[in-house]
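*Asks:* Structure below; questions to follow.
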Amino acid sequence: MALPLLIGVGCRTDMHVQPRYRPMQPSHVFDDGRSARPLIEGTVARGHLRVDELLYTGKVNGKDSEVFPFPITQEILERGQQRFNIYCVPCHDRTGSGNGIIPQRGFRHPPSYHIDRLRQAPVGHFFDVMTNGFGAMYSFASRVSPRDRWAIAAYIRALQLSQQAGLNDVPPAEQHKLLSEGK
Amino acid sequence: MAQIFHRSTNVLSRLSIFGFVFILAGIVWIAYIVNRSPYITEVGMAQVQPVPFSHKHHVSGLGLDCRFCHTSVETSAFAGMPPTETCMTCHSQIWSDSPMLEPVRESYRSNQSIEWNRVYQLPGYVYFDHSIHINKGIGCSTCHGRVDQMPLMWRASPMQMEWCLNCHRNVEQYVRPRAAVYQMDYQPPKDQVALGEKLVKEYKVQKLTDCYTCHR
């Protein structure tokens, strides 16, 4: 008789359910029930002061920037490609034609990246669209970090160039391969 | 004085002493089975949610990457749960008058969070970190199963200590190339151990079995 009783008493869950909040656990303290509190407006965490206008807003003196805030390397382009494939491809398609699967299911069709207006747009414009949203497109600022947004902008530039490329842009060693495949 | 019990009861008492061992063993065995059964571990039981969100539809149907919604899985301990804004990225226009999605729109209007029911939850005394597993080449499907086939989320693995340790002791049987971490239909190659040993060297994977790895 004593044994099961002892075992029963031993089964306490104090350590299972500890009096601390795990990420996004509900809270009874606050009216909206969230344990993760929104920042009070104007709060700046240590090391997170956003003084670099170009890096964080994509603008120079209030106008969309023509230049990137840091040099674009092969590595950054690859990062941009990866992020583009995660966050943008569902709507904009891998080539940037705007024919992704979500527009096919009834979402507003985005414009192709290869129209003249967007080919001439400064890179800061792409950064701004991702940061603040554009028309029916929501902002991606909370999902994609500023550096990644610049990497995506660089990759979009590469996509635009790729659609305008001619035979002479292909390395000579590869040219005959393309020609024979084209036949 | 006359005997109270007949001689033949001796056999009975011997039998019951002998049998007690089996009964004890039986109880232990049942406890063992129950502890590993879906009743305790909840493996394979679909969780009811306020919105019938389907990973099958969104992941294999639409080809969305896990990181579209679980944005912090590569960089932090917590995988991240999509805020309502993420759903509204598409559902502001798609199925925007479906009653099924009313809780999502209501949440967006009123700025109240949708309260998803947890599927996986470790006890408070266990520390777990997604980012290290992802960066050392452990795929989502190794722990969460074929998420892309789940109309509602269910547990694919027991998440008991024995299960964690099995991998921590034999990591080479589970690592995969980093590029395949998000691939749901990844099949380990026939020479997994050879590939595993190569990747373990390349990614510098350690075998962490000290108690303080997870209990800290």
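Here, A, B, ... name the chains of the structure tokens in the order displayed, residue numbers run from 1 inside each chain, and ligands are numbered from 1 in the same displayed order.
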Find the residues of chain A in contact range of chain B, meaning any atom within 10 Å when counting only C-alpha atoms, and list them as a short mmCIF file (atom, residue, chain, number, x, y, z; two decimals) with all heavy atoms, in the first residue's frame.
*Replies:*
```cif
data_model
loop_
_atom_site.label_atom_id
_atom_site.label_comp_id
_atom_site.auth_asym_id
_atom_site.auth_seq_id
_atom_site.Cartn_x
_atom_site.Cartn_y
_atom_site.Cartn_z
N THR A 13 5.26 17.63 -10.72
CA THR A 13 5.67 18.19 -12.00
C THR A 13 6.29 19.57 -11.85
O THR A 13 6.35 20.33 -12.81
CB THR A 13 4.47 18.26 -12.96
OG1 THR A 13 3.44 18.97 -12.29
CG2 THR A 13 3.98 16.90 -13.37
N ASP A 14 6.74 19.90 -10.62
CA ASP A 14 7.35 21.22 -10.41
C ASP A 14 8.41 21.54 -11.43
O ASP A 14 8.53 22.67 -11.91
CB ASP A 14 8.03 21.30 -9.03
CG ASP A 14 7.04 21.05 -7.92
OD1 ASP A 14 5.89 20.70 -8.25
OD2 ASP A 14 7.42 21.18 -6.75
N MET A 15 9.24 20.54 -11.74
CA MET A 15 10.37 20.80 -12.61
C MET A 15 9.96 20.78 -14.08
O MET A 15 10.64 21.32 -14.94
CB MET A 15 11.48 19.77 -12.38
CG MET A 15 12.00 19.76 -10.99
SD MET A 15 13.25 21.01 -10.75
CE MET A 15 14.64 20.25 -11.56
N HIS A 16 8.84 20.11 -14.35
CA HIS A 16 8.34 20.06 -15.73
C HIS A 16 7.86 21.43 -16.15
O HIS A 16 8.13 21.91 -17.23
CB HIS A 16 7.16 19.09 -15.82
CG HIS A 16 7.55 17.75 -16.30
ND1 HIS A 16 7.36 17.35 -17.58
CD2 HIS A 16 8.12 16.72 -15.66
CE1 HIS A 16 7.79 16.11 -17.73
NE2 HIS A 16 8.27 15.71 -16.57
N VAL A 17 7.07 22.03 -15.25
CA VAL A 17 6.45 23.30 -15.56
C VAL A 17 7.08 24.33 -14.65
O VAL A 17 6.66 24.51 -13.52
CB VAL A 17 4.93 23.23 -15.33
CG1 VAL A 17 4.27 24.49 -15.84
CG2 VAL A 17 4.33 22.01 -16.00
N GLN A 18 8.11 24.98 -15.12
CA GLN A 18 8.83 25.90 -14.27
C GLN A 18 8.28 27.30 -14.41
O GLN A 18 7.77 27.67 -15.46
CB GLN A 18 10.33 25.86 -14.62
CG GLN A 18 10.92 24.50 -14.35
CD GLN A 18 12.36 24.37 -14.81
OE1 GLN A 18 12.96 25.32 -15.29
NE2 GLN A 18 12.92 23.19 -14.64
N PRO A 19 8.35 28.07 -13.33
CA PRO A 19 7.77 29.42 -13.38
C PRO A 19 8.61 30.39 -14.18
O PRO A 19 9.19 31.34 -13.67
CB PRO A 19 7.72 29.83 -11.90
CG PRO A 19 8.81 29.05 -11.27
CD PRO A 19 8.93 27.76 -12.03
N ARG A 20 8.75 30.11 -15.46
CA ARG A 20 9.42 31.05 -16.35
C ARG A 20 8.70 30.98 -17.68
O ARG A 20 7.99 30.02 -17.95
CB ARG A 20 10.89 30.69 -16.52
CG ARG A 20 11.09 29.36 -17.20
CD ARG A 20 12.57 29.08 -17.41
NE ARG A 20 12.82 27.69 -17.73
CZ ARG A 20 12.95 27.22 -18.97
NH1 ARG A 20 12.79 28.01 -20.01
NH2 ARG A 20 13.20 25.95 -19.19
N TYR A 21 8.89 31.99 -18.51
CA TYR A 21 8.23 31.97 -19.81
C TYR A 21 9.15 31.39 -20.85
O TYR A 21 10.29 31.78 -20.98
CB TYR A 21 7.84 33.39 -20.22
CG TYR A 21 6.70 33.94 -19.41
CD1 TYR A 21 6.84 35.08 -18.65
CD2 TYR A 21 5.49 33.27 -19.40
CE1 TYR A 21 5.79 35.57 -17.90
CE2 TYR A 21 4.43 33.74 -18.64
CZ TYR A 21 4.58 34.89 -17.90
OH TYR A 21 3.55 35.36 -17.16
N ARG A 22 8.63 30.41 -21.61
CA ARG A 22 9.32 29.99 -22.81
C ARG A 22 8.87 30.93 -23.91
O ARG A 22 7.87 31.60 -23.75
CB ARG A 22 8.90 28.57 -23.16
CG ARG A 22 9.33 27.59 -22.14
CD ARG A 22 8.32 26.47 -22.04
NE ARG A 22 9.01 25.39 -21.36
CZ ARG A 22 9.72 24.49 -22.03
NH1 ARG A 22 9.74 24.50 -23.35
NH2 ARG A 22 10.36 23.58 -21.38
N PRO A 23 9.60 30.94 -25.04
CA PRO A 23 9.21 31.86 -26.10
C PRO A 23 7.73 31.73 -26.44
O PRO A 23 7.23 30.62 -26.64
CB PRO A 23 10.08 31.43 -27.28
CG PRO A 23 11.24 30.74 -26.67
CD PRO A 23 10.76 30.13 -25.41
N MET A 24 7.02 32.83 -26.44
CA MET A 24 5.62 32.91 -26.88
C MET A 24 4.63 32.16 -26.01
O MET A 24 3.49 31.94 -26.41
CB MET A 24 5.48 32.45 -28.33
CG MET A 24 6.23 33.36 -29.24
SD MET A 24 5.86 33.06 -30.94
CE MET A 24 7.02 34.19 -31.67
N GLN A 25 5.03 31.74 -24.82
CA GLN A 25 4.07 31.13 -23.90
C GLN A 25 3.07 32.20 -23.46
O GLN A 25 3.46 33.34 -23.24
CB GLN A 25 4.85 30.61 -22.70
CG GLN A 25 4.04 29.75 -21.78
CD GLN A 25 4.96 29.09 -20.75
OE1 GLN A 25 6.07 28.67 -21.07
NE2 GLN A 25 4.51 29.03 -19.52
N PRO A 26 1.78 31.84 -23.33
CA PRO A 26 0.83 32.88 -22.91
C PRO A 26 1.08 33.35 -21.48
O PRO A 26 1.66 32.63 -20.68
CB PRO A 26 -0.53 32.18 -23.01
CG PRO A 26 -0.28 30.78 -23.36
CD PRO A 26 1.16 30.56 -23.59
N ASP A 31 -2.80 42.24 -20.44
CA ASP A 31 -4.14 42.20 -21.00
C ASP A 31 -4.21 41.42 -22.30
O ASP A 31 -5.17 40.72 -22.56
CB ASP A 31 -4.65 43.62 -21.25
CG ASP A 31 -5.11 44.25 -19.94
OD1 ASP A 31 -5.29 43.49 -18.98
OD2 ASP A 31 -5.27 45.48 -19.90
N ASP A 32 -3.20 41.59 -23.15
CA ASP A 32 -3.27 40.92 -24.44
C ASP A 32 -2.77 39.48 -24.37
O ASP A 32 -2.72 38.79 -25.38
CB ASP A 32 -2.53 41.73 -25.52
CG ASP A 32 -1.03 41.83 -25.24
OD1 ASP A 32 -0.58 41.26 -24.23
OD2 ASP A 32 -0.32 42.48 -26.03
N GLY A 33 -2.38 39.02 -23.18
CA GLY A 33 -2.01 37.62 -23.00
C GLY A 33 -0.68 37.23 -23.58
O GLY A 33 -0.38 36.05 -23.71
N ARG A 34 0.16 38.19 -23.95
CA ARG A 34 1.45 37.84 -24.55
C ARG A 34 2.56 37.99 -23.53
O ARG A 34 2.66 39.01 -22.86
CB ARG A 34 1.77 38.78 -25.71
CG ARG A 34 0.81 38.61 -26.87
CD ARG A 34 1.14 39.61 -27.96
NE ARG A 34 0.09 39.56 -28.97
CZ ARG A 34 -0.13 40.54 -29.83
NH1 ARG A 34 0.60 41.63 -29.81
NH2 ARG A 34 -1.10 40.42 -30.71
N ARG A 83 18.10 33.50 -50.09
CA ARG A 83 17.01 34.23 -49.41
C ARG A 83 15.88 34.54 -50.40
O ARG A 83 14.71 34.47 -50.05
CB ARG A 83 17.52 35.54 -48.81
CG ARG A 83 18.55 35.36 -47.73
CD ARG A 83 17.96 34.77 -46.47
NE ARG A 83 18.58 33.48 -46.20
CZ ARG A 83 18.37 32.75 -45.11
NH1 ARG A 83 17.54 33.18 -44.18
NH2 ARG A 83 18.95 31.59 -44.96
N ASN A 85 15.03 32.78 -52.93
CA ASN A 85 14.27 31.56 -53.17
C ASN A 85 13.33 31.23 -52.02
O ASN A 85 12.28 30.63 -52.22
CB ASN A 85 15.23 30.39 -53.42
CG ASN A 85 15.88 30.49 -54.79
OD1 ASN A 85 15.43 31.27 -55.63
ND2 ASN A 85 16.93 29.73 -55.01
N ILE A 86 13.69 31.61 -50.80
CA ILE A 86 12.81 31.33 -49.66
C ILE A 86 11.62 32.30 -49.64
O ILE A 86 10.48 31.89 -49.52
CB ILE A 86 13.57 31.46 -48.33
CG1 ILE A 86 14.70 30.45 -48.25
CG2 ILE A 86 12.61 31.28 -47.15
CD1 ILE A 86 15.62 30.66 -47.06
N TYR A 87 11.91 33.61 -49.74
CA TYR A 87 10.89 34.61 -49.41
C TYR A 87 10.17 35.21 -50.62
O TYR A 87 9.08 35.72 -50.47
CB TYR A 87 11.51 35.74 -48.58
CG TYR A 87 12.02 35.27 -47.24
CD1 TYR A 87 13.37 35.10 -46.99
CD2 TYR A 87 11.11 34.96 -46.22
CE1 TYR A 87 13.82 34.65 -45.76
CE2 TYR A 87 11.56 34.51 -44.99
CZ TYR A 87 12.91 34.35 -44.76
OH TYR A 87 13.35 33.90 -43.55
N CYS A 88 10.77 35.22 -51.77
CA CYS A 88 10.17 35.95 -52.88
C CYS A 88 9.61 35.04 -53.96
O CYS A 88 8.62 35.38 -54.62
CB CYS A 88 11.21 36.88 -53.51
SG CYS A 88 12.21 37.76 -52.30
N VAL A 89 10.24 33.85 -54.15
CA VAL A 89 9.86 32.97 -55.25
C VAL A 89 8.38 32.56 -55.25
O VAL A 89 7.78 32.46 -56.32
CB VAL A 89 10.81 31.75 -55.28
CG1 VAL A 89 10.19 30.59 -56.02
CG2 VAL A 89 12.13 32.15 -55.90
N PRO A 90 7.75 32.35 -54.07
CA PRO A 90 6.34 31.95 -54.14
C PRO A 90 5.50 32.89 -54.99
O PRO A 90 4.53 32.46 -55.60
CB PRO A 90 5.88 31.99 -52.68
CG PRO A 90 7.12 31.76 -51.88
CD PRO A 90 8.25 32.36 -52.68
N CYS A 91 5.85 34.18 -55.03
CA CYS A 91 5.08 35.11 -55.85
C CYS A 91 5.82 35.55 -57.11
O CYS A 91 5.23 35.66 -58.17
CB CYS A 91 4.70 36.34 -55.05
SG CYS A 91 3.65 35.96 -53.65
N GLY A 100 4.71 33.47 -60.05
CA GLY A 100 4.86 32.43 -59.04
C GLY A 100 3.56 31.70 -58.77
O GLY A 100 2.52 32.01 -59.34
N ILE A 101 3.63 30.71 -57.86
CA ILE A 101 2.47 29.85 -57.63
C ILE A 101 1.34 30.59 -56.91
O ILE A 101 0.17 30.32 -57.14
CB ILE A 101 2.88 28.58 -56.86
CG1 ILE A 101 1.69 27.64 -56.66
CG2 ILE A 101 3.46 28.89 -55.50
CD1 ILE A 101 2.05 26.20 -56.71
N ILE A 102 1.68 31.59 -56.09
CA ILE A 102 0.65 32.29 -55.33
C ILE A 102 -0.21 33.17 -56.25
O ILE A 102 -1.44 33.12 -56.17
CB ILE A 102 1.26 33.09 -54.17
CG1 ILE A 102 2.11 32.18 -53.27
CG2 ILE A 102 0.19 33.78 -53.33
CD1 ILE A 102 1.37 31.06 -52.62
N PRO A 103 0.39 33.94 -57.16
CA PRO A 103 -0.45 34.65 -58.13
C PRO A 103 -1.30 33.68 -58.95
O PRO A 103 -2.45 33.98 -59.28
CB PRO A 103 0.56 35.38 -59.02
CG PRO A 103 1.76 35.54 -58.17
CD PRO A 103 1.80 34.35 -57.28
N ARG A 105 -2.71 31.15 -57.87
CA ARG A 105 -3.87 30.79 -57.03
C ARG A 105 -4.75 31.99 -56.71
O ARG A 105 -5.57 31.92 -55.81
CB ARG A 105 -3.40 30.17 -55.71
CG ARG A 105 -2.59 28.92 -55.85
CD ARG A 105 -3.45 27.79 -56.38
NE ARG A 105 -2.62 26.72 -56.87
CZ ARG A 105 -2.25 25.69 -56.12
NH1 ARG A 105 -2.66 25.58 -54.88
NH2 ARG A 105 -1.48 24.76 -56.61
N GLY A 106 -4.51 33.11 -57.36
CA GLY A 106 -5.46 34.19 -57.22
C GLY A 106 -4.93 35.46 -56.58
O GLY A 106 -5.65 36.43 -56.43
N PHE A 107 -3.64 35.48 -56.19
CA PHE A 107 -3.08 36.71 -55.64
C PHE A 107 -2.83 37.68 -56.79
O PHE A 107 -2.69 37.29 -57.94
CB PHE A 107 -1.76 36.41 -54.93
CG PHE A 107 -1.39 37.41 -53.87
CD1 PHE A 107 -1.96 37.33 -52.61
CD2 PHE A 107 -0.47 38.42 -54.14
CE1 PHE A 107 -1.61 38.24 -51.63
CE2 PHE A 107 -0.13 39.34 -53.15
CZ PHE A 107 -0.70 39.25 -51.90
N ARG A 108 -2.79 38.99 -56.46
CA ARG A 108 -2.50 40.00 -57.47
C ARG A 108 -1.17 39.68 -58.15
O ARG A 108 -0.20 39.32 -57.49
CB ARG A 108 -2.40 41.35 -56.77
CG ARG A 108 -2.28 42.51 -57.69
CD ARG A 108 -1.94 43.76 -56.86
NE ARG A 108 -1.32 44.72 -57.74
CZ ARG A 108 -2.00 45.72 -58.28
NH1 ARG A 108 -3.26 45.87 -58.02
NH2 ARG A 108 -1.38 46.56 -59.09
N ALA A 136 -0.05 45.74 -52.71
CA ALA A 136 -0.59 44.52 -52.12
C ALA A 136 0.48 43.68 -51.43
O ALA A 136 0.17 42.76 -50.69
CB ALA A 136 -1.26 43.68 -53.22
N MET A 137 1.75 44.00 -51.65
CA MET A 137 2.83 43.20 -51.08
C MET A 137 3.17 43.71 -49.68
O MET A 137 3.40 44.89 -49.49
CB MET A 137 4.06 43.27 -51.98
CG MET A 137 5.23 42.50 -51.45
SD MET A 137 6.63 42.70 -52.56
CE MET A 137 7.95 42.78 -51.38
N TYR A 138 3.20 42.77 -48.71
CA TYR A 138 3.47 43.14 -47.33
C TYR A 138 4.96 43.39 -47.12
O TYR A 138 5.80 42.95 -47.91
CB TYR A 138 3.03 42.02 -46.38
CG TYR A 138 1.56 42.07 -46.03
CD1 TYR A 138 0.60 42.32 -47.00
CD2 TYR A 138 1.14 41.84 -44.73
CE1 TYR A 138 -0.74 42.34 -46.68
CE2 TYR A 138 -0.20 41.86 -44.40
CZ TYR A 138 -1.14 42.12 -45.38
OH TYR A 138 -2.46 42.14 -45.06
N SER A 139 5.27 44.08 -46.04
CA SER A 139 6.67 44.32 -45.68
C SER A 139 7.35 43.02 -45.26
O SER A 139 6.73 42.13 -44.68
CB SER A 139 6.73 45.29 -44.50
OG SER A 139 7.95 45.17 -43.83
N PHE A 140 8.63 42.91 -45.59
CA PHE A 140 9.40 41.75 -45.16
C PHE A 140 10.44 42.13 -44.10
O PHE A 140 11.33 41.35 -43.79
CB PHE A 140 10.08 41.08 -46.37
CG PHE A 140 9.13 40.18 -47.11
CD1 PHE A 140 8.18 40.71 -47.95
CD2 PHE A 140 9.17 38.82 -46.92
CE1 PHE A 140 7.28 39.89 -48.61
CE2 PHE A 140 8.28 37.99 -47.57
CZ PHE A 140 7.33 38.52 -48.42
N SER A 142 10.38 42.37 -40.93
CA SER A 142 10.50 41.56 -39.71
C SER A 142 11.00 40.16 -40.02
O SER A 142 11.36 39.42 -39.13
CB SER A 142 9.15 41.48 -39.00
OG SER A 142 8.20 40.88 -39.87
N ARG A 143 11.03 39.77 -41.29
CA ARG A 143 11.43 38.40 -41.62
C ARG A 143 12.83 38.33 -42.21
O ARG A 143 13.48 37.31 -42.13
CB ARG A 143 10.45 37.80 -42.63
CG ARG A 143 9.10 37.50 -42.02
CD ARG A 143 8.10 37.10 -43.07
NE ARG A 143 7.11 38.16 -43.27
CZ ARG A 143 6.12 38.06 -44.13
NH1 ARG A 143 5.98 36.99 -44.87
NH2 ARG A 143 5.25 39.03 -44.25
N VAL A 144 13.27 39.42 -42.86
CA VAL A 144 14.56 39.40 -43.55
C VAL A 144 15.41 40.54 -42.99
O VAL A 144 14.97 41.68 -42.96
CB VAL A 144 14.35 39.57 -45.08
CG1 VAL A 144 15.66 39.36 -45.81
CG2 VAL A 144 13.29 38.63 -45.60
#
```
*Asks:* Determine which residues of segment 145-187 of chain B receive a DSSP assignment of helix (DSSP H, G or I), computed from the backbone, and state them as a PDB file with C-alpha atoms, in the first residue's frame.
*Replies:*
```
ATOM      1  CA  VAL B 147       5.875  17.499 -42.154  1.00  0.00           C
ATOM      2  CA  ASP B 148       4.991  18.011 -45.807  1.00  0.00           C
ATOM      3  CA  GLN B 149       2.541  15.088 -45.566  1.00  0.00           C
ATOM      4  CA  MET B 161      15.871  11.385 -23.362  1.00  0.00           C
ATOM      5  CA  GLU B 162      16.680   7.963 -24.772  1.00  0.00           C
ATOM      6  CA  TRP B 163      15.745   9.202 -28.229  1.00  0.00           C
ATOM      7  CA  CYS B 164      17.920  12.335 -28.037  1.00  0.00           C
ATOM      8  CA  LEU B 165      20.856  10.330 -26.701  1.00  0.00           C
ATOM      9  CA  ASN B 166      20.584   7.701 -29.397  1.00  0.00           C
ATOM     10  CA  CYS B 167      21.484  10.334 -31.934  1.00  0.00           C
ATOM     11  CA  HIS B 168      24.009  12.174 -29.778  1.00  0.00           C
ATOM     12  CA  ARG B 169      25.898   8.881 -29.402  1.00  0.00           C
ATOM     13  CA  VAL B 171      25.600  11.193 -34.938  1.00  0.00           C
ATOM     14  CA  GLU B 172      27.276   9.736 -38.031  1.00  0.00           C
ATOM     15  CA  GLN B 173      24.124   7.728 -38.728  1.00  0.00           C
ATOM     16  CA  ARG B 178      23.724  21.065 -44.987  1.00  0.00           C
ATOM     17  CA  ALA B 179      22.082  21.740 -48.342  1.00  0.00           C
ATOM     18  CA  ALA B 180      19.566  18.935 -47.645  1.00  0.00           C
TER      19      ALA B 180
END
```
*Asks:* What is the distance between atom CA of Gln82 of chain A and atom CA of Phe128 of chain B, in Å to one decimal?
*Replies:*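 Atom-to-atom, atom CA of Gln82 of chain A to atom CA of Phe128 of chain B, that is 26.3 Å.
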*Asks:* Could you name the residues that touch segment 112-120 of chain A at 6 Å or less, counting only C-alpha atoms, but leaving out those on the same chain fewer than 2 positions away, as a ChimeraX atom specification?
*Replies:* /A:96-98,160
*Asks:* Identify, on the basis of only C-alpha atoms, every residue whose closest approach to Ala154 of chain A does not exceed 9 Å; exclude the query and any residue fewer than 5 positions from it along the same chain; express the result as an mmCIF file with all heavy atoms, in the first residue's frame.
*Replies:*
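Below you can see around_14.cif, which holds the result:
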```
data_model
loop_
_atom_site.group_PDB
_atom_site.id
_atom_site.type_symbol
_atom_site.label_atom_id
_atom_site.label_comp_id
_atom_site.auth_asym_id
_atom_site.auth_seq_id
_atom_site.Cartn_x
_atom_site.Cartn_y
_atom_site.Cartn_z
ATOM 1 N N PHE A 68 25.265 50.229 -53.229
ATOM 2 C CA PHE A 68 25.094 49.336 -52.091
ATOM 3 C C PHE A 68 25.903 49.851 -50.897
ATOM 4 O O PHE A 68 26.943 50.478 -51.085
ATOM 5 C CB PHE A 68 25.592 47.927 -52.450
ATOM 6 C CG PHE A 68 24.721 47.232 -53.440
ATOM 7 C CD1 PHE A 68 24.992 47.295 -54.800
ATOM 8 C CD2 PHE A 68 23.622 46.511 -53.006
ATOM 9 C CE1 PHE A 68 24.179 46.658 -55.722
ATOM 10 C CE2 PHE A 68 22.810 45.870 -53.924
ATOM 11 C CZ PHE A 68 23.086 45.939 -55.279
ATOM 12 N N ILE A 72 29.615 44.006 -52.961
ATOM 13 C CA ILE A 72 28.885 42.771 -53.261
ATOM 14 C C ILE A 72 29.879 41.733 -53.788
ATOM 15 O O ILE A 72 30.511 41.930 -54.814
ATOM 16 C CB ILE A 72 27.791 43.034 -54.305
ATOM 17 C CG1 ILE A 72 26.803 44.077 -53.778
ATOM 18 C CG2 ILE A 72 27.056 41.737 -54.649
ATOM 19 C CD1 ILE A 72 26.112 43.720 -52.483
ATOM 20 N N ILE A 76 27.946 36.991 -51.169
ATOM 21 C CA ILE A 76 26.722 37.739 -50.868
ATOM 22 C C ILE A 76 25.666 37.459 -51.923
ATOM 23 O O ILE A 76 24.477 37.321 -51.616
ATOM 24 C CB ILE A 76 27.035 39.236 -50.746
ATOM 25 C CG1 ILE A 76 27.827 39.437 -49.450
ATOM 26 C CG2 ILE A 76 25.782 40.081 -50.750
ATOM 27 C CD1 ILE A 76 28.184 40.837 -49.127
ATOM 28 N N LEU A 77 26.088 37.332 -53.184
ATOM 29 C CA LEU A 77 25.123 36.995 -54.236
ATOM 30 C C LEU A 77 24.488 35.639 -53.968
ATOM 31 O O LEU A 77 23.282 35.455 -54.134
ATOM 32 C CB LEU A 77 25.824 36.960 -55.603
ATOM 33 C CG LEU A 77 25.860 38.276 -56.369
ATOM 34 C CD1 LEU A 77 26.536 38.066 -57.703
ATOM 35 C CD2 LEU A 77 24.451 38.813 -56.579
ATOM 36 N N GLY A 80 22.045 36.008 -51.313
ATOM 37 C CA GLY A 80 20.873 36.672 -51.851
ATOM 38 C C GLY A 80 19.992 35.705 -52.623
ATOM 39 O O GLY A 80 18.768 35.712 -52.494
ATOM 40 N N GLN A 81 20.621 34.825 -53.394
ATOM 41 C CA GLN A 81 19.858 33.845 -54.159
ATOM 42 C C GLN A 81 19.066 32.939 -53.219
ATOM 43 O O GLN A 81 17.875 32.693 -53.414
ATOM 44 C CB GLN A 81 20.801 32.997 -55.006
ATOM 45 C CG GLN A 81 20.073 31.900 -55.742
ATOM 46 C CD GLN A 81 21.014 31.068 -56.605
ATOM 47 O OE1 GLN A 81 22.163 30.844 -56.236
ATOM 48 N NE2 GLN A 81 20.525 30.615 -57.731
ATOM 49 N N VAL A 123 18.907 50.570 -56.893
ATOM 50 C CA VAL A 123 18.836 49.414 -55.988
ATOM 51 C C VAL A 123 18.100 49.759 -54.701
ATOM 52 O O VAL A 123 17.431 48.916 -54.108
ATOM 53 C CB VAL A 123 20.227 48.862 -55.628
ATOM 54 C CG1 VAL A 123 20.767 48.011 -56.739
ATOM 55 C CG2 VAL A 123 21.178 49.956 -55.212
ATOM 56 N N ARG A 149 18.419 41.802 -46.975
ATOM 57 C CA ARG A 149 17.613 42.534 -47.959
ATOM 58 C C ARG A 149 18.515 43.118 -49.040
ATOM 59 O O ARG A 149 18.178 43.095 -50.219
ATOM 60 C CB ARG A 149 16.826 43.651 -47.255
ATOM 61 C CG ARG A 149 15.485 43.176 -46.705
ATOM 62 C CD ARG A 149 14.795 44.268 -45.923
ATOM 63 N NE ARG A 149 14.910 44.046 -44.488
ATOM 64 C CZ ARG A 149 14.865 45.009 -43.568
ATOM 65 N NH1 ARG A 149 14.714 46.265 -43.929
ATOM 66 N NH2 ARG A 149 14.972 44.711 -42.293
ATOM 67 N N LEU A 159 19.680 38.865 -61.643
ATOM 68 C CA LEU A 159 18.607 38.256 -62.446
ATOM 69 C C LEU A 159 18.285 39.126 -63.650
ATOM 70 O O LEU A 159 18.096 38.630 -64.764
ATOM 71 C CB LEU A 159 17.339 38.116 -61.599
ATOM 72 C CG LEU A 159 17.167 36.880 -60.731
ATOM 73 C CD1 LEU A 159 15.826 36.947 -60.013
ATOM 74 C CD2 LEU A 159 17.231 35.619 -61.577
#
```
*Asks:* With only C-alpha atoms as the counted atoms, please give the residues lying no more than 6 Å from segment 34-48 of chain B, apart from itself and same-chain residues fewer than 2 positions off, as a VMD selection string.
*Replies:* chain B and resid 30 to 32 152 to 158
*Asks:* I need the chosen residues saved as a short mmCIF file (atom, residue, chain, number, x, y, z; two decimals), in the first residue's frame, with N, CA and C atoms.
*Replies:*
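Saved the output as again-v1.cif:
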```cif
data_model
loop_
_atom_site.label_atom_id
_atom_site.label_comp_id
_atom_site.auth_asym_id
_atom_site.auth_seq_id
_atom_site.Cartn_x
_atom_site.Cartn_y
_atom_site.Cartn_z
N ILE B 30 4.83 -3.71 -18.39
CA ILE B 30 3.69 -2.90 -18.85
C ILE B 30 4.04 -1.42 -18.74
N ALA B 31 4.67 -1.05 -17.62
CA ALA B 31 5.07 0.35 -17.45
C ALA B 31 5.99 0.78 -18.59
N TYR B 32 6.92 -0.12 -18.94
CA TYR B 32 7.88 0.17 -20.01
C TYR B 32 7.15 0.40 -21.34
N LEU B 152 -2.67 18.03 -40.48
CA LEU B 152 -2.54 18.70 -39.18
C LEU B 152 -1.25 18.18 -38.57
N MET B 153 -0.61 19.01 -37.76
CA MET B 153 0.69 18.61 -37.22
C MET B 153 0.53 17.52 -36.15
N TRP B 154 1.35 16.48 -36.25
CA TRP B 154 1.42 15.51 -35.15
C TRP B 154 2.87 15.22 -34.82
N ARG B 155 3.06 14.58 -33.68
CA ARG B 155 4.42 14.24 -33.26
C ARG B 155 4.94 13.06 -34.04
N ALA B 156 6.15 13.19 -34.57
CA ALA B 156 6.73 12.09 -35.33
C ALA B 156 7.75 11.34 -34.49
N SER B 157 8.20 11.90 -33.40
CA SER B 157 9.19 11.21 -32.57
C SER B 157 8.89 11.47 -31.10
N PRO B 158 9.32 10.56 -30.22
CA PRO B 158 8.88 10.63 -28.83
C PRO B 158 9.49 11.77 -28.03
#
```
*Asks:* From a backbone DSSP assignment, name each residue in chain A labelled strand (DSSP E or B), as number ranges by chain.
*Replies:* A: 26, 34, 59-60, 63-64, 134, 137
*Asks:* Between atom CA of Asp148 of chain A and atom CA of Val104 of chain B, what is the distance, to one decimal in Å?
*Replies:* 28.1 Å
*Asks:* Select, from A:Pro146, A:Asp64, A:His176, A:Phe127, the residue with the minimum atom-to-atom distance to Arg50 of chain A, counting only C-alpha atoms.
*Replies:*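 Among A:Pro146, A:Asp64, A:His176, A:Phe127, it is A:Pro146 that comes nearest to Arg50 of chain A.
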